[in-house]
>>> print(open('final.tsv').read())   # TSV, N, CA and C atoms
chain	number	residue	atom	x	y	z
A	1103	MET	N	28.13	136.33	101.47
A	1103	MET	CA	29.13	137.34	101.38
A	1103	MET	C	29.96	137.13	100.12
A	1104	GLN	N	30.09	138.15	99.37
A	1104	GLN	CA	30.83	138.07	98.12
A	1104	GLN	C	32.24	138.60	98.32
A	1105	VAL	N	33.15	137.96	97.58
A	1105	VAL	CA	34.54	138.38	97.64
A	1105	VAL	C	34.71	139.47	96.60
A	1106	PRO	N	35.34	140.57	96.98
A	1106	PRO	CA	35.55	141.65	96.00
A	1106	PRO	C	36.40	141.14	94.84
A	1107	ALA	N	36.25	141.70	93.71
A	1107	ALA	CA	36.95	141.29	92.49
A	1107	ALA	C	38.45	141.46	92.64
A	1108	ALA	N	38.89	142.49	93.34
A	1108	ALA	CA	40.33	142.73	93.51
A	1108	ALA	C	40.94	141.61	94.36
A	1109	GLN	N	40.22	141.17	95.39
A	1109	GLN	CA	40.70	140.09	96.25
A	1109	GLN	C	40.77	138.78	95.46
A	1110	SER	N	39.80	138.54	94.63
A	1110	SER	CA	39.77	137.34	93.80
A	1110	SER	C	40.94	137.32	92.84
A	1111	GLN	N	41.24	138.48	92.26
A	1111	GLN	CA	42.38	138.61	91.34
A	1111	GLN	C	43.69	138.30	92.07
A	1112	MET	N	43.87	138.80	93.29
A	1112	MET	CA	45.08	138.58	94.08
A	1112	MET	C	45.24	137.09	94.41
A	1113	ASP	N	44.13	136.43	94.72
A	1113	ASP	CA	44.20	134.99	95.02
A	1113	ASP	C	44.68	134.21	93.80
A	1114	LYS	N	44.21	134.58	92.62
A	1114	LYS	CA	44.63	133.90	91.40
A	1114	LYS	C	46.12	134.13	91.13
A	1115	ILE	N	46.58	135.36	91.35
A	1115	ILE	CA	48.00	135.68	91.13
A	1115	ILE	C	48.87	134.90	92.11
A	1116	ASN	N	48.47	134.86	93.37
A	1116	ASN	CA	49.22	134.10	94.38
A	1116	ASN	C	49.27	132.62	94.03
A	1117	LEU	N	48.16	132.08	93.57
A	1117	LEU	CA	48.11	130.68	93.18
A	1117	LEU	C	49.04	130.40	92.01
A	1118	LEU	N	49.07	131.27	91.02
A	1118	LEU	CA	49.96	131.11	89.88
A	1118	LEU	C	51.42	131.21	90.30
A	1119	MET	N	51.74	132.10	91.23
A	1119	MET	CA	53.11	132.24	91.70
A	1119	MET	C	53.57	130.99	92.44
A	1120	LEU	N	52.67	130.42	93.23
A	1120	LEU	CA	53.01	129.20	93.96
A	1120	LEU	C	53.24	128.04	93.00
A	1121	GLN	N	52.42	127.94	91.97
A	1121	GLN	CA	52.58	126.87	90.99
A	1121	GLN	C	53.86	127.06	90.19
A	1122	GLY	N	54.21	128.27	89.87
A	1122	GLY	CA	55.41	128.55	89.10
A	1122	GLY	C	56.68	128.24	89.88
A	1123	SER	N	56.65	128.42	91.18
A	1123	SER	CA	57.86	128.17	91.98
A	1123	SER	C	58.09	126.68	92.19
A	1124	GLY	N	57.15	125.84	91.86
A	1124	GLY	CA	57.33	124.39	92.01
A	1124	GLY	C	58.42	123.85	91.12
A	1125	GLY	N	58.56	124.36	89.90
A	1125	GLY	CA	59.59	123.92	88.98
A	1125	GLY	C	60.98	124.35	89.44
A	1126	ALA	N	61.09	125.50	90.04
A	1126	ALA	CA	62.38	126.00	90.50
A	1126	ALA	C	62.83	125.28	91.77
A	1127	GLY	N	61.91	124.65	92.48
A	1127	GLY	CA	62.25	123.95	93.71
A	1127	GLY	C	63.16	122.76	93.46
A	1128	GLY	N	63.02	122.10	92.31
A	1128	GLY	CA	63.87	120.97	91.99
A	1128	GLY	C	65.31	121.38	91.81
A	1129	SER	N	65.56	122.50	91.13
A	1129	SER	CA	66.93	122.97	90.96
A	1129	SER	C	67.47	123.52	92.26
A	1130	GLY	N	66.60	124.02	93.13
A	1130	GLY	CA	67.02	124.50	94.44
A	1130	GLY	C	67.55	123.34	95.29
A	1131	LEU	N	66.93	122.20	95.15
A	1131	LEU	CA	67.38	121.00	95.86
A	1131	LEU	C	68.76	120.58	95.37
A	1132	LEU	N	68.96	120.65	94.07
A	1132	LEU	CA	70.25	120.29	93.50
A	1132	LEU	C	71.34	121.25	93.97
A	1133	LEU	N	71.02	122.53	94.01
A	1133	LEU	CA	71.99	123.52	94.48
A	1133	LEU	C	72.28	123.35	95.98
A	1134	THR	N	71.31	122.87	96.73
A	1134	THR	CA	71.52	122.63	98.15
A	1134	THR	C	72.41	121.41	98.37
A	1135	LEU	N	72.24	120.38	97.56
A	1135	LEU	CA	73.02	119.15	97.73
A	1135	LEU	C	74.40	119.21	97.09
A	1136	ALA	N	74.62	120.11	96.16
A	1136	ALA	CA	75.89	120.18	95.44
A	1136	ALA	C	77.10	120.35	96.37
A	1137	PRO	N	77.09	121.25	97.35
A	1137	PRO	CA	78.25	121.36	98.24
A	1137	PRO	C	78.51	120.07	99.03
A	1138	TRP	N	77.45	119.42	99.45
A	1138	TRP	CA	77.62	118.17	100.22
A	1138	TRP	C	78.21	117.07	99.34
A	1139	LEU	N	77.77	117.00	98.09
A	1139	LEU	CA	78.34	116.02	97.17
A	1139	LEU	C	79.80	116.32	96.88
A	1140	LEU	N	80.13	117.58	96.75
A	1140	LEU	CA	81.51	117.99	96.53
A	1140	LEU	C	82.38	117.63	97.73
A	1141	ILE	N	81.90	117.89	98.93
A	1141	ILE	CA	82.65	117.54	100.15
A	1141	ILE	C	82.85	116.04	100.24
A	1142	PHE	N	81.82	115.25	99.97
A	1142	PHE	CA	81.95	113.79	100.00
A	1142	PHE	C	82.97	113.32	98.97
A	1143	GLY	N	82.94	113.90	97.78
A	1143	GLY	CA	83.90	113.52	96.74
A	1143	GLY	C	85.33	113.81	97.16
A	1144	ILE	N	85.54	114.94	97.79
A	1144	ILE	CA	86.88	115.28	98.26
A	1144	ILE	C	87.33	114.34	99.36
A	1145	PHE	N	86.44	114.04	100.31
A	1145	PHE	CA	86.77	113.09	101.36
A	1145	PHE	C	87.12	111.72	100.78
A	1146	TYR	N	86.36	111.30	99.80
A	1146	TYR	CA	86.62	109.99	99.18
A	1146	TYR	C	88.00	109.97	98.55
A	1147	LEU	N	88.34	111.00	97.80
A	1147	LEU	CA	89.62	111.02	97.11
A	1147	LEU	C	90.81	111.20	98.05
A	1148	LEU	N	90.65	111.99	99.10
A	1148	LEU	CA	91.77	112.30	99.97
A	1148	LEU	C	91.92	111.37	101.18
A	1149	ILE	N	90.83	110.74	101.62
A	1149	ILE	CA	90.90	109.95	102.85
A	1149	ILE	C	90.53	108.49	102.62
A	1150	ILE	N	89.37	108.22	102.07
A	1150	ILE	CA	88.86	106.85	101.99
A	1150	ILE	C	89.66	106.01	101.01
A	1151	ARG	N	89.89	106.51	99.81
A	1151	ARG	CA	90.58	105.73	98.78
A	1151	ARG	C	92.02	105.38	99.17
A	1152	PRO	N	92.82	106.33	99.67
A	1152	PRO	CA	94.18	105.96	100.09
A	1152	PRO	C	94.19	104.96	101.25
A	1153	GLN	N	93.23	105.07	102.17
A	1153	GLN	CA	93.16	104.13	103.29
A	1153	GLN	C	92.86	102.73	102.78
A	1154	GLN	N	91.96	102.59	101.83
A	1154	GLN	CA	91.67	101.28	101.26
A	1154	GLN	C	92.90	100.71	100.57
A	1155	LYS	N	93.67	101.56	99.90
A	1155	LYS	CA	94.89	101.12	99.22
A	1155	LYS	C	95.91	100.60	100.22
A	1156	ARG	N	96.11	101.34	101.33
A	1156	ARG	CA	97.05	100.91	102.38
A	1156	ARG	C	96.60	99.60	103.01
A	1157	GLN	N	95.29	99.46	103.21
A	1157	GLN	CA	94.75	98.24	103.81
A	1157	GLN	C	94.99	97.04	102.90
A	1158	ARG	N	94.77	97.19	101.61
A	1158	ARG	CA	95.02	96.09	100.67
A	1158	ARG	C	96.50	95.72	100.65
A	1159	GLN	N	97.38	96.73	100.69
A	1159	GLN	CA	98.82	96.48	100.68
A	1159	GLN	C	99.25	95.75	101.96
A	1160	ALA	N	98.73	96.15	103.11
A	1160	ALA	CA	99.06	95.49	104.37
A	1160	ALA	C	98.59	94.04	104.36
A	1161	GLN	N	97.42	93.78	103.81
A	1161	GLN	CA	96.90	92.41	103.72
A	1161	GLN	C	97.80	91.56	102.82
A	1162	THR	N	98.23	92.12	101.70
A	1162	THR	CA	99.12	91.40	100.78
A	1162	THR	C	100.46	91.11	101.44
A	1163	ASP	N	101.01	92.09	102.16
A	1163	ASP	CA	102.28	91.89	102.85
A	1163	ASP	C	102.18	90.80	103.91
A	1164	ARG	N	101.08	90.78	104.65
A	1164	ARG	CA	100.89	89.76	105.69
A	1164	ARG	C	100.78	88.37	105.08
A	1165	GLU	N	100.00	88.24	104.00
A	1165	GLU	CA	99.87	86.95	103.34
A	1165	GLU	C	101.22	86.47	102.81
A	1166	GLN	N	102.01	87.38	102.27
A	1166	GLN	CA	103.33	87.03	101.76
A	1166	GLN	C	104.24	86.59	102.91
A	1167	MET	N	104.17	87.26	104.05
A	1167	MET	CA	104.97	86.88	105.21
A	1167	MET	C	104.59	85.50	105.71
A	1168	LEU	N	103.30	85.20	105.77
A	1168	LEU	CA	102.85	83.90	106.25
A	1168	LEU	C	103.24	82.77	105.30
A	1169	THR	N	103.22	83.01	104.00
A	1169	THR	CA	103.60	81.96	103.05
A	1169	THR	C	105.10	81.75	103.00
A	1170	SER	N	105.90	82.74	103.41
A	1170	SER	CA	107.35	82.61	103.33
A	1170	SER	C	107.99	82.14	104.64
A	1171	LEU	N	107.18	81.71	105.62
A	1171	LEU	CA	107.74	81.22	106.88
A	1171	LEU	C	108.56	79.96	106.63
A	1172	LYS	N	109.70	79.85	107.32
A	1172	LYS	CA	110.56	78.67	107.16
A	1172	LYS	C	111.20	78.35	108.50
A	1173	PRO	N	111.66	77.12	108.70
A	1173	PRO	CA	112.31	76.75	109.96
A	1173	PRO	C	113.51	77.65	110.22
A	1174	GLY	N	113.67	78.04	111.49
A	1174	GLY	CA	114.76	78.93	111.87
A	1174	GLY	C	114.33	80.37	112.02
A	1175	ASP	N	113.18	80.76	111.44
A	1175	ASP	CA	112.69	82.14	111.59
A	1175	ASP	C	112.24	82.36	113.03
A	1176	LYS	N	112.55	83.52	113.56
A	1176	LYS	CA	112.09	83.89	114.90
A	1176	LYS	C	110.84	84.75	114.73
A	1177	VAL	N	109.76	84.36	115.41
A	1177	VAL	CA	108.47	85.00	115.22
A	1177	VAL	C	107.84	85.39	116.54
A	1178	VAL	N	106.82	86.24	116.45
A	1178	VAL	CA	105.99	86.61	117.58
A	1178	VAL	C	104.56	86.25	117.21
A	1179	THR	N	103.88	85.51	118.08
A	1179	THR	CA	102.49	85.16	117.79
A	1179	THR	C	101.58	86.33	118.14
A	1180	SER	N	100.34	86.24	117.72
A	1180	SER	CA	99.39	87.31	118.02
A	1180	SER	C	99.11	87.38	119.52
A	1181	GLY	N	99.40	86.30	120.25
A	1181	GLY	CA	99.24	86.30	121.70
A	1181	GLY	C	100.47	86.81	122.42
A	1182	GLY	N	101.55	87.12	121.70
A	1182	GLY	CA	102.75	87.68	122.30
A	1182	GLY	C	103.83	86.65	122.64
A	1183	ILE	N	103.66	85.42	122.21
A	1183	ILE	CA	104.66	84.38	122.49
A	1183	ILE	C	105.79	84.49	121.47
A	1184	LEU	N	107.02	84.51	121.98
A	1184	LEU	CA	108.19	84.56	121.12
A	1184	LEU	C	108.69	83.14	120.91
A	1185	GLY	N	109.08	82.82	119.69
A	1185	GLY	CA	109.58	81.48	119.44
A	1185	GLY	C	110.31	81.38	118.12
A	1186	THR	N	110.97	80.23	117.95
A	1186	THR	CA	111.69	79.94	116.72
A	1186	THR	C	110.95	78.82	116.00
A	1187	ILE	N	110.74	78.96	114.72
A	1187	ILE	CA	110.01	77.96	113.95
A	1187	ILE	C	110.87	76.71	113.82
A	1188	VAL	N	110.27	75.55	114.18
A	1188	VAL	CA	110.96	74.27	114.05
A	1188	VAL	C	110.50	73.57	112.78
A	1189	SER	N	109.19	73.59	112.54
A	1189	SER	CA	108.66	72.96	111.33
A	1189	SER	C	107.42	73.72	110.87
A	1190	VAL	N	107.17	73.62	109.57
A	1190	VAL	CA	106.04	74.30	108.95
A	1190	VAL	C	105.21	73.27	108.22
A	1191	ARG	N	103.91	73.29	108.47
A	1191	ARG	CA	102.97	72.42	107.76
A	1191	ARG	C	102.00	73.30	106.98
A	1192	ASP	N	100.97	72.68	106.39
A	1192	ASP	CA	100.02	73.45	105.59
A	1192	ASP	C	99.39	74.60	106.36
A	1193	SER	N	98.77	74.30	107.50
A	1193	SER	CA	98.07	75.35	108.24
A	1193	SER	C	98.62	75.57	109.64
A	1194	THR	N	99.62	74.80	110.05
A	1194	THR	CA	100.18	74.97	111.39
A	1194	THR	C	101.69	75.16	111.35
A	1195	VAL	N	102.20	75.68	112.45
A	1195	VAL	CA	103.64	75.92	112.59
A	1195	VAL	C	104.03	75.43	113.99
A	1196	ARG	N	105.13	74.70	114.08
A	1196	ARG	CA	105.63	74.26	115.38
A	1196	ARG	C	106.73	75.23	115.80
A	1197	LEU	N	106.55	75.80	117.01
A	1197	LEU	CA	107.49	76.79	117.54
A	1197	LEU	C	108.24	76.22	118.74
A	1198	ASN	N	109.53	76.50	118.80
A	1198	ASN	CA	110.33	76.17	119.97
A	1198	ASN	C	110.35	77.44	120.82
A	1199	VAL	N	109.70	77.41	122.01
A	1199	VAL	CA	109.58	78.61	122.83
A	1199	VAL	C	110.56	78.62	123.99
A	1200	ALA	N	111.06	77.48	124.35
A	1200	ALA	CA	112.08	77.37	125.40
A	1200	ALA	C	112.85	76.09	125.13
A	1201	GLN	N	113.87	75.83	125.95
A	1201	GLN	CA	114.65	74.62	125.75
A	1201	GLN	C	113.73	73.42	125.97
A	1202	SER	N	113.60	72.58	124.97
A	1202	SER	CA	112.76	71.38	124.94
A	1202	SER	C	111.27	71.66	125.18
A	1203	VAL	N	110.80	72.87	124.89
A	1203	VAL	CA	109.38	73.20	124.95
A	1203	VAL	C	108.97	73.72	123.58
A	1204	SER	N	108.06	72.99	122.94
A	1204	SER	CA	107.58	73.44	121.65
A	1204	SER	C	106.06	73.42	121.64
A	1205	ILE	N	105.50	74.34	120.89
A	1205	ILE	CA	104.04	74.42	120.76
A	1205	ILE	C	103.70	74.46	119.29
A	1206	GLU	N	102.48	74.05	119.01
A	1206	GLU	CA	101.99	74.09	117.63
A	1206	GLU	C	100.88	75.13	117.56
A	1207	VAL	N	101.02	76.07	116.63
A	1207	VAL	CA	100.03	77.14	116.48
A	1207	VAL	C	99.57	77.21	115.03
A	1208	GLN	N	98.43	77.81	114.84
A	1208	GLN	CA	97.93	78.05	113.49
A	1208	GLN	C	98.85	79.05	112.81
A	1209	ARG	N	99.01	78.90	111.52
A	1209	ARG	CA	99.83	79.82	110.75
A	1209	ARG	C	99.30	81.25	110.88
A	1210	SER	N	97.99	81.38	110.93
A	1210	SER	CA	97.38	82.72	111.03
A	1210	SER	C	97.62	83.36	112.39
A	1211	ALA	N	98.08	82.58	113.39
A	1211	ALA	CA	98.37	83.13	114.72
A	1211	ALA	C	99.73	83.81	114.77
A	1212	ILE	N	100.52	83.69	113.71
A	1212	ILE	CA	101.81	84.36	113.68
A	1212	ILE	C	101.55	85.84	113.41
A	1213	GLY	N	101.98	86.69	114.35
A	1213	GLY	CA	101.75	88.13	114.20
A	1213	GLY	C	102.80	88.78	113.33
A	1214	SER	N	104.08	88.46	113.58
A	1214	SER	CA	105.14	89.09	112.81
A	1214	SER	C	106.45	88.35	113.02
A	1215	LEU	N	107.40	88.65	112.17
A	1215	LEU	CA	108.77	88.17	112.36
A	1215	LEU	C	109.42	89.08	113.39
A	1216	GLN	N	110.32	88.51	114.20
A	1216	GLN	CA	111.01	89.34	115.19
A	1216	GLN	C	111.95	90.30	114.48
A	1217	ALA	N	112.13	91.45	115.09
A	1217	ALA	CA	113.03	92.46	114.52
A	1217	ALA	C	114.47	91.98	114.60
A	1218	ALA	N	115.33	92.50	113.76
A	1218	ALA	CA	116.73	92.08	113.70
A	1218	ALA	C	117.45	92.37	115.03
A	1219	GLU	N	117.11	93.48	115.71
A	1219	GLU	CA	117.76	93.80	116.99
A	1219	GLU	C	117.45	92.75	118.03
A	1220	VAL	N	116.21	92.24	118.06
A	1220	VAL	CA	115.83	91.22	119.04
A	1220	VAL	C	116.58	89.93	118.74
A	1221	LYS	N	116.72	89.57	117.46
A	1221	LYS	CA	117.46	88.37	117.09
A	1221	LYS	C	118.91	88.47	117.51
A	1222	GLU	N	119.54	89.63	117.31
A	1222	GLU	CA	120.94	89.82	117.68
A	1222	GLU	C	121.14	89.76	119.17
A	1223	ALA	N	120.19	90.34	119.94
A	1223	ALA	CA	120.28	90.33	121.40
A	1223	ALA	C	120.16	88.91	121.95
A	1224	GLU	N	119.25	88.12	121.36
A	1224	GLU	CA	119.07	86.74	121.81
A	1224	GLU	C	120.27	85.88	121.44
A	1225	SER	N	120.87	86.12	120.29
A	1225	SER	CA	121.99	85.29	119.85
A	1225	SER	C	123.25	85.60	120.67
A	1226	SER	N	123.34	86.81	121.22
A	1226	SER	CA	124.52	87.15	122.02
A	1226	SER	C	124.44	86.61	123.44
A	1227	LYS	N	123.28	86.14	123.87
A	1227	LYS	CA	123.13	85.60	125.24
A	1227	LYS	C	123.77	84.28	125.41
>>> encode(input="final.tsv", output="C-alpha cells")
Amino acid sequence: MQVPAAQSQMDKINLLMLQGSGGAGGSGLLLTLAPWLLIFGIFYLLIIRPQQKRQRQAQTDREQMLTSLKPGDKVVTSGGILGTIVSVRDSTVRLNVAQSVSIEVQRSAIGSLQAAEVKEAESSK
C-alpha cells in the first residue's frame, strides 16, 4: 500500500513543526519558572532574611548576658528555678535558691535575668 503524496507532504510538515518547537520549549520553561523564582526572592527578602537577622541578634544578646553574670544578680534557670548568684566560675554558677540552700548549675542553664518588678517584690518581703 502506497501513501499518497499529499499525506507524505503533511507528515514532513508536521515533523518539521515538531522539531521547530523544541527550541521554543526551553524559553517556555524559563517563563514557567520565572514567577516561582520571583515569589521565592520576595519571600527571602521579606521573611527569611529578617528572621535570620533577629536570630543572630538574640544569640548575641544571650551570649552577652551570660558573660556579664556577676554575684548578686537574680536569675531564672532554663528549668524555672529562681535564685541569686553567689559565685561565678568559668562554666558554672553557684545559685542561692533558699536560705542556706545553694546549687551549682552550668552557665548555659541560665535562662534570663529576673525582671525588675520581681526583684522589687522579693526585696520588699
>>> atom_distance(input="final.tsv", atom1="atom N of Ile1212 in chain A", atom2="CA of Leu1168 in chain A")
7.8 Å
>>> atom_distance(input="final.tsv", atom1="CA of Ile1149 in chain A", atom2="CA of Ser1210 in chain A")
29.2 Å
>>> atom_distance(input="final.tsv", atom1="CA of Thr1162 in chain A", atom2="atom C of Gly1213 in chain A")
13.3 Å
>>> residues_near_point(input="final.tsv", point="(103.3, 76.8, 118.6)", cutoff="5 Å", atoms="only N, CA and C atoms", output="list in words")
Val1195, Arg1196, Leu1197, Ile1205, Glu1206 and Val1207 of chain A
>>> select_by_dssp(input="final.tsv", residues="range 1119-1220 of chain A", states="helix (DSSP H, G or I)", output="PyMOL selection string")
chain A and resi 1119-1169+1209-1211+1218-1220
>>> residues_around(input="final.tsv", residues="Ile1187 in chain A", least_positions_apart="3", cutoff="7 Å", atoms="all atoms listed in the file", output="VMD selection string")
chain A and resid 1172 to 1177 1190 1195 to 1198
